[in-house]
>>> print(open('run_31.pdb').read())   # PDB, C-alpha atoms
ATOM      1  CA  MET P   1     -73.878 -62.911 134.504  1.00  0.00           C
ATOM      2  CA  ASP P   2     -74.905 -60.085 136.802  1.00  0.00           C
ATOM      3  CA  GLU P   3     -74.502 -59.297 140.500  1.00  0.00           C
ATOM      4  CA  ARG P   4     -77.915 -60.573 141.505  1.00  0.00           C
ATOM      5  CA  ARG P   5     -77.429 -63.955 139.810  1.00  0.00           C
ATOM      6  CA  ILE P   6     -74.031 -64.320 141.476  1.00  0.00           C
ATOM      7  CA  GLN P   7     -75.534 -63.432 144.872  1.00  0.00           C
ATOM      8  CA  LYS P   8     -78.158 -66.118 144.356  1.00  0.00           C
ATOM      9  CA  ALA P   9     -75.495 -68.689 143.398  1.00  0.00           C
ATOM     10  CA  LEU P  10     -73.464 -67.815 146.512  1.00  0.00           C
ATOM     11  CA  GLY P  11     -76.570 -67.982 148.694  1.00  0.00           C
ATOM     12  CA  LYS P  12     -77.471 -71.425 147.337  1.00  0.00           C
ATOM     13  CA  HIS P  13     -73.911 -72.625 147.876  1.00  0.00           C
ATOM     14  CA  LEU P  14     -73.519 -71.293 151.428  1.00  0.00           C
ATOM     15  CA  TYR P  15     -76.974 -71.331 153.033  1.00  0.00           C
ATOM     16  CA  LEU P  16     -76.886 -74.738 154.741  1.00  0.00           C
ATOM     17  CA  GLN P  17     -74.061 -73.669 157.061  1.00  0.00           C
ATOM     18  CA  ASN P  18     -74.339 -69.860 156.964  1.00  0.00           C
ATOM     19  CA  VAL P  19     -76.634 -66.889 157.201  1.00  0.00           C
ATOM     20  CA  CYS P  20     -76.210 -65.051 153.864  1.00  0.00           C
ATOM     21  CA  ILE P  21     -77.356 -61.457 153.334  1.00  0.00           C
ATOM     22  CA  PRO P  22     -77.124 -59.484 150.067  1.00  0.00           C
ATOM     23  CA  ASN P  23     -76.533 -55.733 149.712  1.00  0.00           C
ATOM     24  CA  VAL P  24     -75.875 -54.667 153.288  1.00  0.00           C
ATOM     25  CA  LEU P  25     -74.941 -51.111 154.216  1.00  0.00           C
ATOM     26  CA  MET P  26     -71.849 -51.411 156.393  1.00  0.00           C
ATOM     27  CA  TYR P  27     -71.918 -48.571 158.891  1.00  0.00           C
ATOM     28  CA  GLN P  28     -69.172 -47.484 161.274  1.00  0.00           C
ATOM     29  CA  ARG P  29     -69.398 -44.457 163.482  1.00  0.00           C
ATOM     30  CA  GLY P  30     -67.050 -41.724 162.223  1.00  0.00           C
ATOM     31  CA  LYS P  31     -66.313 -43.427 158.886  1.00  0.00           C
ATOM     32  CA  HIS P  32     -67.853 -43.524 155.437  1.00  0.00           C
ATOM     33  CA  GLU P  33     -70.376 -46.303 155.036  1.00  0.00           C
ATOM     34  CA  TYR P  34     -70.246 -48.663 152.093  1.00  0.00           C
ATOM     35  CA  GLU P  35     -72.432 -51.384 150.649  1.00  0.00           C
ATOM     36  CA  ALA P  36     -71.283 -54.976 150.877  1.00  0.00           C
ATOM     37  CA  ASP P  37     -72.521 -57.077 147.951  1.00  0.00           C
ATOM     38  CA  LEU P  38     -72.956 -60.096 150.226  1.00  0.00           C
ATOM     39  CA  ILE P  39     -72.059 -60.881 153.820  1.00  0.00           C
ATOM     40  CA  TYR P  40     -72.394 -64.128 155.680  1.00  0.00           C
ATOM     41  CA  PHE P  41     -71.634 -65.675 159.028  1.00  0.00           C
ATOM     42  CA  GLY P  42     -71.733 -69.262 160.226  1.00  0.00           C
ATOM     43  CA  ARG P  43     -74.233 -70.494 162.760  1.00  0.00           C
ATOM     44  CA  LYS P  44     -71.438 -70.820 165.303  1.00  0.00           C
ATOM     45  CA  SER P  45     -69.321 -67.894 164.101  1.00  0.00           C
ATOM     46  CA  ASN P  46     -69.209 -64.426 165.590  1.00  0.00           C
ATOM     47  CA  TYR P  47     -67.448 -62.852 162.612  1.00  0.00           C
ATOM     48  CA  LEU P  48     -68.596 -61.702 159.201  1.00  0.00           C
ATOM     49  CA  THR P  49     -67.253 -62.733 155.829  1.00  0.00           C
ATOM     50  CA  GLU P  50     -67.741 -60.145 153.092  1.00  0.00           C
ATOM     51  CA  VAL P  51     -67.942 -60.928 149.390  1.00  0.00           C
ATOM     52  CA  GLU P  52     -67.445 -58.206 146.785  1.00  0.00           C
ATOM     53  CA  ILE P  53     -68.852 -59.224 143.401  1.00  0.00           C
ATOM     54  CA  LYS P  54     -67.134 -57.976 140.254  1.00  0.00           C
ATOM     55  CA  ILE P  55     -68.474 -58.698 136.775  1.00  0.00           C
ATOM     56  CA  SER P  56     -66.002 -56.654 134.715  1.00  0.00           C
ATOM     57  CA  ILE P  57     -62.309 -55.858 134.934  1.00  0.00           C
ATOM     58  CA  GLN P  58     -63.106 -52.120 135.027  1.00  0.00           C
ATOM     59  CA  ASP P  59     -65.352 -52.681 138.054  1.00  0.00           C
ATOM     60  CA  PHE P  60     -62.614 -54.774 139.682  1.00  0.00           C
ATOM     61  CA  ARG P  61     -59.997 -52.047 139.136  1.00  0.00           C
ATOM     62  CA  ALA P  62     -62.317 -49.288 140.376  1.00  0.00           C
ATOM     63  CA  ASP P  63     -62.840 -51.108 143.675  1.00  0.00           C
ATOM     64  CA  LEU P  64     -59.284 -50.353 144.749  1.00  0.00           C
ATOM     65  CA  LYS P  65     -59.882 -46.615 144.324  1.00  0.00           C
ATOM     66  CA  LYS P  66     -62.822 -46.391 146.735  1.00  0.00           C
ATOM     67  CA  ALA P  67     -62.610 -43.974 149.672  1.00  0.00           C
ATOM     68  CA  THR P  68     -63.617 -46.762 152.064  1.00  0.00           C
ATOM     69  CA  TYR P  69     -62.162 -50.162 151.248  1.00  0.00           C
ATOM     70  CA  HIS P  70     -64.126 -53.016 152.849  1.00  0.00           C
ATOM     71  CA  ASP P  71     -62.841 -52.258 156.320  1.00  0.00           C
ATOM     72  CA  HIS P  72     -65.771 -52.958 158.634  1.00  0.00           C
ATOM     73  CA  PRO P  73     -64.390 -54.167 161.985  1.00  0.00           C
ATOM     74  CA  ASN P  74     -66.658 -57.267 162.125  1.00  0.00           C
ATOM     75  CA  VAL P  75     -65.349 -58.565 158.775  1.00  0.00           C
ATOM     76  CA  ARG P  76     -62.771 -61.234 159.425  1.00  0.00           C
ATOM     77  CA  ASN P  77     -62.543 -62.612 155.866  1.00  0.00           C
ATOM     78  CA  PHE P  78     -62.891 -60.722 152.601  1.00  0.00           C
ATOM     79  CA  TYR P  79     -63.436 -62.313 149.191  1.00  0.00           C
ATOM     80  CA  TYR P  80     -63.853 -61.199 145.612  1.00  0.00           C
ATOM     81  CA  ALA P  81     -66.298 -63.248 143.547  1.00  0.00           C
ATOM     82  CA  VAL P  82     -65.733 -63.053 139.793  1.00  0.00           C
ATOM     83  CA  PRO P  83     -66.989 -64.953 136.757  1.00  0.00           C
ATOM     84  CA  PHE P  84     -64.613 -67.703 135.684  1.00  0.00           C
ATOM     85  CA  TYR P  85     -64.252 -66.233 132.173  1.00  0.00           C
ATOM     86  CA  LEU P  86     -63.150 -62.879 133.677  1.00  0.00           C
ATOM     87  CA  TYR P  87     -60.569 -64.649 135.824  1.00  0.00           C
ATOM     88  CA  GLU P  88     -59.204 -66.606 132.869  1.00  0.00           C
ATOM     89  CA  LYS P  89     -58.843 -63.439 130.787  1.00  0.00           C
ATOM     90  CA  HIS P  90     -57.195 -61.321 133.549  1.00  0.00           C
ATOM     91  CA  LYS P  91     -55.658 -64.006 135.763  1.00  0.00           C
ATOM     92  CA  GLU P  92     -52.338 -62.276 136.532  1.00  0.00           C
ATOM     93  CA  GLU P  93     -53.911 -58.919 137.429  1.00  0.00           C
ATOM     94  CA  ILE P  94     -56.591 -60.490 139.620  1.00  0.00           C
ATOM     95  CA  GLU P  95     -54.092 -62.772 141.397  1.00  0.00           C
ATOM     96  CA  GLU P  96     -51.744 -59.846 142.043  1.00  0.00           C
ATOM     97  CA  THR P  97     -54.563 -57.692 143.425  1.00  0.00           C
ATOM     98  CA  ILE P  98     -56.016 -60.293 145.757  1.00  0.00           C
ATOM     99  CA  THR P  99     -52.548 -61.099 147.095  1.00  0.00           C
ATOM    100  CA  LEU P 100     -51.916 -57.412 147.759  1.00  0.00           C
ATOM    101  CA  CYS P 101     -55.314 -57.012 149.473  1.00  0.00           C
ATOM    102  CA  LYS P 102     -55.057 -60.334 151.358  1.00  0.00           C
ATOM    103  CA  ALA P 103     -58.427 -61.228 149.855  1.00  0.00           C
ATOM    104  CA  GLY P 104     -59.770 -64.596 148.879  1.00  0.00           C
ATOM    105  CA  LEU P 105     -61.195 -65.444 145.474  1.00  0.00           C
ATOM    106  CA  ILE P 106     -64.429 -67.205 144.565  1.00  0.00           C
ATOM    107  CA  LEU P 107     -64.920 -68.257 140.954  1.00  0.00           C
ATOM    108  CA  ILE P 108     -68.444 -68.310 139.522  1.00  0.00           C
ATOM    109  CA  ASP P 109     -69.410 -70.176 136.377  1.00  0.00           C
ATOM    110  CA  GLU P 110     -72.627 -70.925 134.534  1.00  0.00           C
ATOM    111  CA  ARG P 111     -74.126 -73.844 132.682  1.00  0.00           C
ATOM    112  CA  MET P 112     -77.221 -74.515 130.620  1.00  0.00           C
ATOM    113  CA  ASP P 113     -79.851 -76.929 131.860  1.00  0.00           C
ATOM    114  CA  ASN P 114     -81.842 -79.288 129.615  1.00  0.00           C
ATOM    115  CA  ASN P 115     -84.344 -76.502 128.914  1.00  0.00           C
ATOM    116  CA  GLY P 116     -81.657 -74.104 127.664  1.00  0.00           C
ATOM    117  CA  ILE P 117     -81.776 -71.938 130.803  1.00  0.00           C
ATOM    118  CA  SER P 118     -78.439 -70.652 132.130  1.00  0.00           C
ATOM    119  CA  HIS P 119     -77.692 -71.124 135.846  1.00  0.00           C
ATOM    120  CA  CYS P 120     -74.821 -69.578 137.819  1.00  0.00           C
ATOM    121  CA  PHE P 121     -72.974 -71.720 140.350  1.00  0.00           C
ATOM    122  CA  VAL P 122     -69.916 -71.510 142.593  1.00  0.00           C
ATOM    123  CA  LYS P 123     -67.124 -73.196 140.646  1.00  0.00           C
ATOM    124  CA  SER P 124     -64.616 -72.976 143.496  1.00  0.00           C
ATOM    125  CA  PHE P 125     -63.283 -71.070 146.444  1.00  0.00           C
ATOM    126  CA  HIS P 126     -60.116 -70.623 144.398  1.00  0.00           C
ATOM    127  CA  LYS P 127     -58.074 -68.878 147.071  1.00  0.00           C
ATOM    128  CA  LYS P 128     -58.864 -68.732 150.765  1.00  0.00           C
ATOM    129  CA  ALA P 129     -58.995 -65.288 152.381  1.00  0.00           C
ATOM    130  CA  LYS P 130     -56.380 -64.410 154.956  1.00  0.00           C
ATOM    131  CA  PRO P 131     -58.239 -63.757 158.252  1.00  0.00           C
ATOM    132  CA  ARG P 132     -57.931 -60.235 159.627  1.00  0.00           C
ATOM    133  CA  LYS P 133     -56.366 -60.402 163.066  1.00  0.00           C
ATOM    134  CA  ASN P 134     -58.019 -57.210 164.315  1.00  0.00           C
ATOM    135  CA  ALA P 135     -61.593 -58.317 163.517  1.00  0.00           C
ATOM    136  CA  VAL P 136     -64.151 -57.652 166.251  1.00  0.00           C
ATOM    137  CA  GLU P 137     -66.657 -60.344 167.246  1.00  0.00           C
ATOM    138  CA  LEU P 138     -70.358 -59.745 166.650  1.00  0.00           C
ATOM    139  CA  THR P 139     -72.510 -59.335 169.738  1.00  0.00           C
ATOM    140  CA  GLU P 140     -75.790 -61.258 169.992  1.00  0.00           C
ATOM    141  CA  LYS P 141     -77.632 -57.989 169.364  1.00  0.00           C
ATOM    142  CA  GLU P 142     -75.617 -57.388 166.164  1.00  0.00           C
ATOM    143  CA  LYS P 143     -76.219 -60.966 164.996  1.00  0.00           C
ATOM    144  CA  ASN P 144     -79.955 -60.563 165.536  1.00  0.00           C
ATOM    145  CA  ASN P 145     -79.897 -57.288 163.626  1.00  0.00           C
ATOM    146  CA  TYR P 146     -78.190 -58.994 160.666  1.00  0.00           C
ATOM    147  CA  LEU P 147     -80.741 -61.825 160.825  1.00  0.00           C
ATOM    148  CA  ARG P 148     -83.564 -59.258 160.683  1.00  0.00           C
ATOM    149  CA  ILE P 149     -81.944 -57.449 157.749  1.00  0.00           C
ATOM    150  CA  GLY P 150     -81.374 -60.762 155.964  1.00  0.00           C
ATOM    151  CA  CYS P 151     -85.020 -61.770 156.274  1.00  0.00           C
ATOM    152  CA  MET P 152     -86.135 -58.447 154.818  1.00  0.00           C
ATOM    153  CA  LYS P 153     -83.596 -58.591 151.963  1.00  0.00           C
ATOM    154  CA  TRP P 154     -84.375 -62.094 150.689  1.00  0.00           C
ATOM    155  CA  VAL P 155     -88.135 -61.948 151.230  1.00  0.00           C
ATOM    156  CA  GLY P 156     -88.337 -58.538 149.566  1.00  0.00           C
ATOM    157  CA  ARG P 157     -86.725 -59.903 146.398  1.00  0.00           C
ATOM    158  CA  TYR P 158     -89.260 -62.583 145.546  1.00  0.00           C
TER     159      TYR P 158
END
>>> encode(input="run_31.pdb", output="structure tokens")
Amino acid sequence: MDERRIQKALGKHLYLQNVCIPNVLMYQRGKHEYEADLIYFGRKSNYLTEVEIKISIQDFRADLKKATYHDHPNVRNFYYAVPFYLYEKHKEEIEETITLCKAGLILIDERMDNNGISHCFVKSFHKKAKPRKNAVELTEKEKNNYLRIGCMKWVGRY
């Protein structure tokens, strides 16, 4: 499992009700920018949800040491998405971390199809993120900008 396959699985799971955008540079004036692995917002929502994808425990641990920790003002909900096997192996550490960070947890799994090809899928939204009370609503201009970025990101991949 890699980040791109997990992004695709999340996109397939969420796209009917949400605008999903991979690898977005989250900029704030006067702060360090950071890259969000995936953001999404609902058709009727004016807030972002950010998903940070982790495929190893070392990567998961390193995330907490970043200079800028997923603090964009438009992000109301923050999730970690991890492979199910990683969660099973490090359950206590992951649970403790997401509780401390008030993050949600999405579990990703994979299965083989009849042709022997492995496909990633969202196993569950294992723990719901705690909404950030100080989140700032997106303006229509910001929403349109994210829509433009999203079109370029997905179309540019295929």
>>> residues_around(input="run_31.pdb", residues="region 115-128 of chain P", least_positions_apart="6", cutoff="7 Å", atoms="all atoms listed in the file", output="PDB file with C-alpha atoms, keeping the file's coordinate frame")
ATOM      1  CA  ARG P   5     -77.429 -63.955 139.810  1.00  0.00           C
ATOM      2  CA  ILE P   6     -74.031 -64.320 141.476  1.00  0.00           C
ATOM      3  CA  ALA P   9     -75.495 -68.689 143.398  1.00  0.00           C
ATOM      4  CA  LEU P  10     -73.464 -67.815 146.512  1.00  0.00           C
ATOM      5  CA  HIS P  13     -73.911 -72.625 147.876  1.00  0.00           C
ATOM      6  CA  GLY P 104     -59.770 -64.596 148.879  1.00  0.00           C
ATOM      7  CA  LEU P 105     -61.195 -65.444 145.474  1.00  0.00           C
ATOM      8  CA  ILE P 106     -64.429 -67.205 144.565  1.00  0.00           C
ATOM      9  CA  LEU P 107     -64.920 -68.257 140.954  1.00  0.00           C
ATOM     10  CA  ILE P 108     -68.444 -68.310 139.522  1.00  0.00           C
ATOM     11  CA  ASP P 109     -69.410 -70.176 136.377  1.00  0.00           C
TER      12      ASP P 109
END
>>> residues_around(input="run_31.pdb", residues="region 78-86 of chain P", least_positions_apart="2", cutoff="8 Å", atoms="all atoms listed in the file", output="number ranges by chain")
P: 1, 49-57, 70, 75-76, 88-91, 98, 102-109, 123, 129-131
>>> resolve_selection(input="run_31.pdb", expression="the PyMOL selection byres ((chain P and resi 71) around 10)", output="list in words")
Met26, Gln28, Lys31, Glu33, Tyr34, Glu50, Thr68, Tyr69, His70, His72, Pro73, Asn74, Val75, Arg76, Phe78, Arg132 and Ala135 of chain P
>>> atom_distance(input="run_31.pdb", atom1="CA of Ile39 (chain P)", atom2="CA of Pro22 (chain P)")
6.5 Å
>>> residues_near_point(input="run_31.pdb", point="(-81.3, -62.4, 155.6)", cutoff="10 Å", atoms="only C-alpha atoms", output="VMD selection string")
chain P and resid 19 to 22 24 39 to 40 145 to 155
>>> residues_near_point(input="run_31.pdb", point="(-72.9, -70.7, 164.5)", cutoff="12 Å", atoms="all atoms listed in the file", output="VMD selection string")
chain P and resid 16 to 19 40 to 48 138 140 143
>>> atom_distance(input="run_31.pdb", atom1="CA of Leu100 (chain P)", atom2="CA of Leu64 (chain P)")
10.6 Å
>>> decode(input="run_31.pdb", residues="region 72-86 of chain P", atoms="all heavy atoms", output="compact mmCIF listing (two decimals), in the first residue's frame")
# COMPACT_ATOMS: atom_id res chain seq x y z
N HIS P 72 -4.20 24.49 9.51
CA HIS P 72 -4.82 25.48 8.62
C HIS P 72 -6.18 25.89 9.19
O HIS P 72 -6.95 25.05 9.66
CB HIS P 72 -4.99 24.90 7.21
CG HIS P 72 -5.29 25.94 6.20
ND1 HIS P 72 -6.56 26.40 5.99
CD2 HIS P 72 -4.49 26.63 5.37
CE1 HIS P 72 -6.54 27.33 5.06
NE2 HIS P 72 -5.27 27.49 4.66
N PRO P 73 -6.48 27.20 9.19
CA PRO P 73 -7.71 27.66 9.84
C PRO P 73 -9.01 27.14 9.22
O PRO P 73 -10.03 27.08 9.91
CB PRO P 73 -7.63 29.19 9.73
CG PRO P 73 -6.57 29.48 8.75
CD PRO P 73 -5.67 28.29 8.68
N ASN P 74 -9.01 26.75 7.94
CA ASN P 74 -10.23 26.24 7.31
C ASN P 74 -10.50 24.77 7.60
O ASN P 74 -11.54 24.25 7.24
CB ASN P 74 -10.20 26.45 5.80
CG ASN P 74 -10.16 27.90 5.38
OD1 ASN P 74 -9.30 28.29 4.61
ND2 ASN P 74 -11.06 28.71 5.90
N VAL P 75 -9.53 24.10 8.24
CA VAL P 75 -9.69 22.67 8.54
C VAL P 75 -10.49 22.51 9.84
O VAL P 75 -10.02 22.89 10.90
CB VAL P 75 -8.33 21.95 8.65
CG1 VAL P 75 -8.51 20.50 9.11
CG2 VAL P 75 -7.59 22.00 7.32
N ARG P 76 -11.67 21.97 9.69
CA ARG P 76 -12.51 21.74 10.86
C ARG P 76 -12.27 20.35 11.45
O ARG P 76 -12.29 20.16 12.66
CB ARG P 76 -13.98 21.89 10.50
CG ARG P 76 -14.89 21.63 11.70
CD ARG P 76 -16.33 21.67 11.31
NE ARG P 76 -16.91 22.89 11.85
CZ ARG P 76 -18.15 23.26 11.64
NH1 ARG P 76 -18.93 22.55 10.87
NH2 ARG P 76 -18.62 24.36 12.17
N ASN P 77 -12.06 19.35 10.57
CA ASN P 77 -11.84 17.98 11.02
C ASN P 77 -10.53 17.45 10.46
O ASN P 77 -10.23 17.67 9.28
CB ASN P 77 -12.99 17.07 10.57
CG ASN P 77 -14.30 17.49 11.18
OD1 ASN P 77 -14.45 17.48 12.39
ND2 ASN P 77 -15.24 17.89 10.34
N PHE P 78 -9.79 16.74 11.29
CA PHE P 78 -8.50 16.19 10.88
C PHE P 78 -8.48 14.69 11.16
O PHE P 78 -8.84 14.25 12.26
CB PHE P 78 -7.37 16.89 11.66
CG PHE P 78 -6.03 16.30 11.37
CD1 PHE P 78 -5.42 16.48 10.13
CD2 PHE P 78 -5.37 15.56 12.33
CE1 PHE P 78 -4.19 15.92 9.86
CE2 PHE P 78 -4.12 15.00 12.07
CZ PHE P 78 -3.53 15.17 10.83
N TYR P 79 -8.08 13.93 10.14
CA TYR P 79 -8.03 12.47 10.25
C TYR P 79 -6.64 11.95 9.87
O TYR P 79 -5.97 12.55 9.03
CB TYR P 79 -9.01 11.82 9.26
CG TYR P 79 -10.44 11.89 9.69
CD1 TYR P 79 -11.23 12.99 9.37
CD2 TYR P 79 -11.02 10.84 10.40
CE1 TYR P 79 -12.56 13.05 9.76
CE2 TYR P 79 -12.35 10.90 10.79
CZ TYR P 79 -13.11 11.99 10.47
OH TYR P 79 -14.42 12.06 10.86
N TYR P 80 -6.29 10.84 10.47
CA TYR P 80 -5.18 10.02 9.98
C TYR P 80 -5.81 8.84 9.25
O TYR P 80 -6.81 8.27 9.72
CB TYR P 80 -4.32 9.48 11.13
CG TYR P 80 -3.34 10.48 11.67
CD1 TYR P 80 -3.57 11.12 12.89
CD2 TYR P 80 -2.17 10.79 10.98
CE1 TYR P 80 -2.67 12.05 13.39
CE2 TYR P 80 -1.27 11.72 11.48
CZ TYR P 80 -1.52 12.34 12.67
OH TYR P 80 -0.64 13.26 13.16
N ALA P 81 -5.24 8.48 8.11
CA ALA P 81 -5.64 7.27 7.39
C ALA P 81 -4.44 6.34 7.41
O ALA P 81 -3.34 6.73 7.02
CB ALA P 81 -6.04 7.59 5.96
N VAL P 82 -4.65 5.14 7.91
CA VAL P 82 -3.56 4.15 8.03
C VAL P 82 -4.04 2.80 7.53
O VAL P 82 -5.22 2.47 7.63
CB VAL P 82 -3.03 4.02 9.48
CG1 VAL P 82 -2.50 5.35 10.00
CG2 VAL P 82 -4.07 3.45 10.40
N PRO P 83 -3.10 1.99 7.02
CA PRO P 83 -3.48 0.62 6.65
C PRO P 83 -3.94 -0.16 7.88
O PRO P 83 -3.40 0.04 8.98
CB PRO P 83 -2.18 0.03 6.10
CG PRO P 83 -1.35 1.21 5.71
CD PRO P 83 -1.72 2.30 6.68
N PHE P 84 -4.90 -1.03 7.69
CA PHE P 84 -5.45 -1.81 8.79
C PHE P 84 -4.38 -2.64 9.48
O PHE P 84 -4.35 -2.73 10.70
CB PHE P 84 -6.59 -2.70 8.26
CG PHE P 84 -7.26 -3.49 9.33
CD1 PHE P 84 -7.95 -2.86 10.35
CD2 PHE P 84 -7.21 -4.88 9.33
CE1 PHE P 84 -8.58 -3.58 11.36
CE2 PHE P 84 -7.84 -5.61 10.33
CZ PHE P 84 -8.52 -4.97 11.33
N TYR P 85 -3.46 -3.23 8.71
CA TYR P 85 -2.40 -4.05 9.33
C TYR P 85 -1.50 -3.21 10.22
O TYR P 85 -1.03 -3.69 11.26
CB TYR P 85 -1.57 -4.80 8.27
CG TYR P 85 -0.77 -3.92 7.34
CD1 TYR P 85 0.46 -3.40 7.71
CD2 TYR P 85 -1.25 -3.62 6.07
CE1 TYR P 85 1.20 -2.57 6.87
CE2 TYR P 85 -0.52 -2.81 5.21
CZ TYR P 85 0.69 -2.29 5.61
OH TYR P 85 1.42 -1.48 4.77
N LEU P 86 -1.25 -1.95 9.87
CA LEU P 86 -0.43 -1.06 10.70
C LEU P 86 -1.17 -0.76 12.01
O LEU P 86 -0.57 -0.78 13.09
CB LEU P 86 -0.12 0.23 9.95
CG LEU P 86 0.75 1.25 10.68
CD1 LEU P 86 2.18 0.73 10.81
CD2 LEU P 86 0.73 2.59 9.96
